[in-house]
Each structure stands twice: as C-alpha cells, then as structure tokens.
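*Asks:* Here it is, the structure in full.
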Amino acid sequence: MSFILNHCMAISIIFVLILFVSIAFNKRIVALVISFVTMLFGSFLLLYAFAKISGFDALDIQIKGLMIIGEGLISLVITSIFIAVQETKKKTL
C-alpha cells in the first residue's frame, strides 16, 4: 500500500497516457473506462486517507486524491467532447 501512496501521481499520469493512446487509436470505450478508473482511484485515495491515515500525511493524500478526481473529471469531459465530435463527423459524411 505504501507503494501506491508514494507513487499515486505517477500512477495517475500513466492513466492519462493510456487515455491519450486509446483516443489516438479510436478506442472510445477504453477511453471512457480509463476516465472512470482515474476517478475511482482518486476516490479510493481520498477515502483511504480519511479512514486509515492521520496527521499531515492524510492531508497530503487527500489533496492528491482530490487532484486525481479532478483529473479524471477533466479527462471524462475531454473524452465526451472527442466522441461527440467524431459522431457528428460520421453523420455529416
């Protein structure tokens, strides 16, 4: 568990890289799933920090969890816009 807590930002960056690769290869469902997984990972960090950790370490993990949740929400919006643009291009052609 300490590995996840120490490297949580690196893990979230890997999620975003996988998201962009899936968008590049037009794997829309995978991109949406990665967005949701990123949000769930941030929620896990936030709830774990509330339940198990105390002191300033908990505050650090909670802030990182909130940042990762925000990153997941932003990636969900970007993915949704990308899918909508692709669908409108298909309908016009």
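Simple scheme: letters A, B, ... for chains in structure tokens order, numbers from 1 for residues in each chain, numbers from 1 for ligands in the order shown.
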For Ala58 (chain A), work out the shell of residues within 9 Å, counting only C-alpha atoms and skipping chain neighbours fewer than 5 positions away, then give it as a PDB file with N, CA and C atoms, in the first residue's frame.
*Replies:*
ATOM      1  N   LEU A  46      -8.773   9.266  -1.487  1.00  0.00           N
ATOM      2  CA  LEU A  46      -9.435  10.190  -0.577  1.00  0.00           C
ATOM      3  C   LEU A  46     -10.069   9.447   0.593  1.00  0.00           C
ATOM      4  N   TYR A  48      -9.412   6.374   1.644  1.00  0.00           N
ATOM      5  CA  TYR A  48      -8.389   5.676   2.423  1.00  0.00           C
ATOM      6  C   TYR A  48      -7.701   6.637   3.383  1.00  0.00           C
ATOM      7  N   ALA A  49      -7.438   7.848   2.930  1.00  0.00           N
ATOM      8  CA  ALA A  49      -6.795   8.836   3.795  1.00  0.00           C
ATOM      9  C   ALA A  49      -7.709   9.228   4.951  1.00  0.00           C
ATOM     10  N   PHE A  50      -9.010   9.322   4.694  1.00  0.00           N
ATOM     11  CA  PHE A  50      -9.943   9.638   5.775  1.00  0.00           C
ATOM     12  C   PHE A  50     -10.009   8.514   6.807  1.00  0.00           C
ATOM     13  N   LYS A  52      -7.796   5.609   7.304  1.00  0.00           N
ATOM     14  CA  LYS A  52      -6.646   4.897   7.861  1.00  0.00           C
ATOM     15  C   LYS A  52      -5.464   5.766   8.270  1.00  0.00           C
ATOM     16  N   ILE A  53      -5.336   6.963   7.698  1.00  0.00           N
ATOM     17  CA  ILE A  53      -4.132   7.753   7.915  1.00  0.00           C
ATOM     18  C   ILE A  53      -4.485   8.973   8.755  1.00  0.00           C
ATOM     19  N   ILE A  63      -5.397  15.656  -0.574  1.00  0.00           N
ATOM     20  CA  ILE A  63      -5.239  16.659  -1.630  1.00  0.00           C
ATOM     21  C   ILE A  63      -4.886  15.983  -2.954  1.00  0.00           C
TER      22      ILE A  63
END
*Asks:* I'd like the contact shell of region 36-45 of chain A - 10 Å cut-off, only C-alpha atoms, skipping same-chain residues fewer than 2 positions apart - returned as a PyMOL selection string.
*Replies:* chain A and resi 4-5+8-9+11-16+19+30-34+47-51+58+61-76
*Asks:* For CA of Ser35 (chain A) and CA of Thr79 (chain A), quote the distance in Å rounded to one decimal.
*Replies:*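 That distance, rounded to one decimal, is 8.1 Å.
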*Asks:* Kindly give the distance, in Å, that separates CA of Phe25 (chain A) and CA of Ser80 (chain A), rounded to a single decimal.
*Replies:*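 These atoms are spaced 15.5 Å apart.
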*Asks:* Between CA of Ile83 (chain A) and CA of Ala24 (chain A), what distance in Å does the model show, to one decimal?
*Replies:*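 Taking CA of Ile83 (chain A) and CA of Ala24 (chain A), their separation equals 11.9 Å.
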*Asks:* Which is closer to Gln86 (chain A) than all the others in A:Ser54, A:Ile18, A:Asp60, A:Asn26, using only C-alpha atoms?
*Replies:* A:Asn26
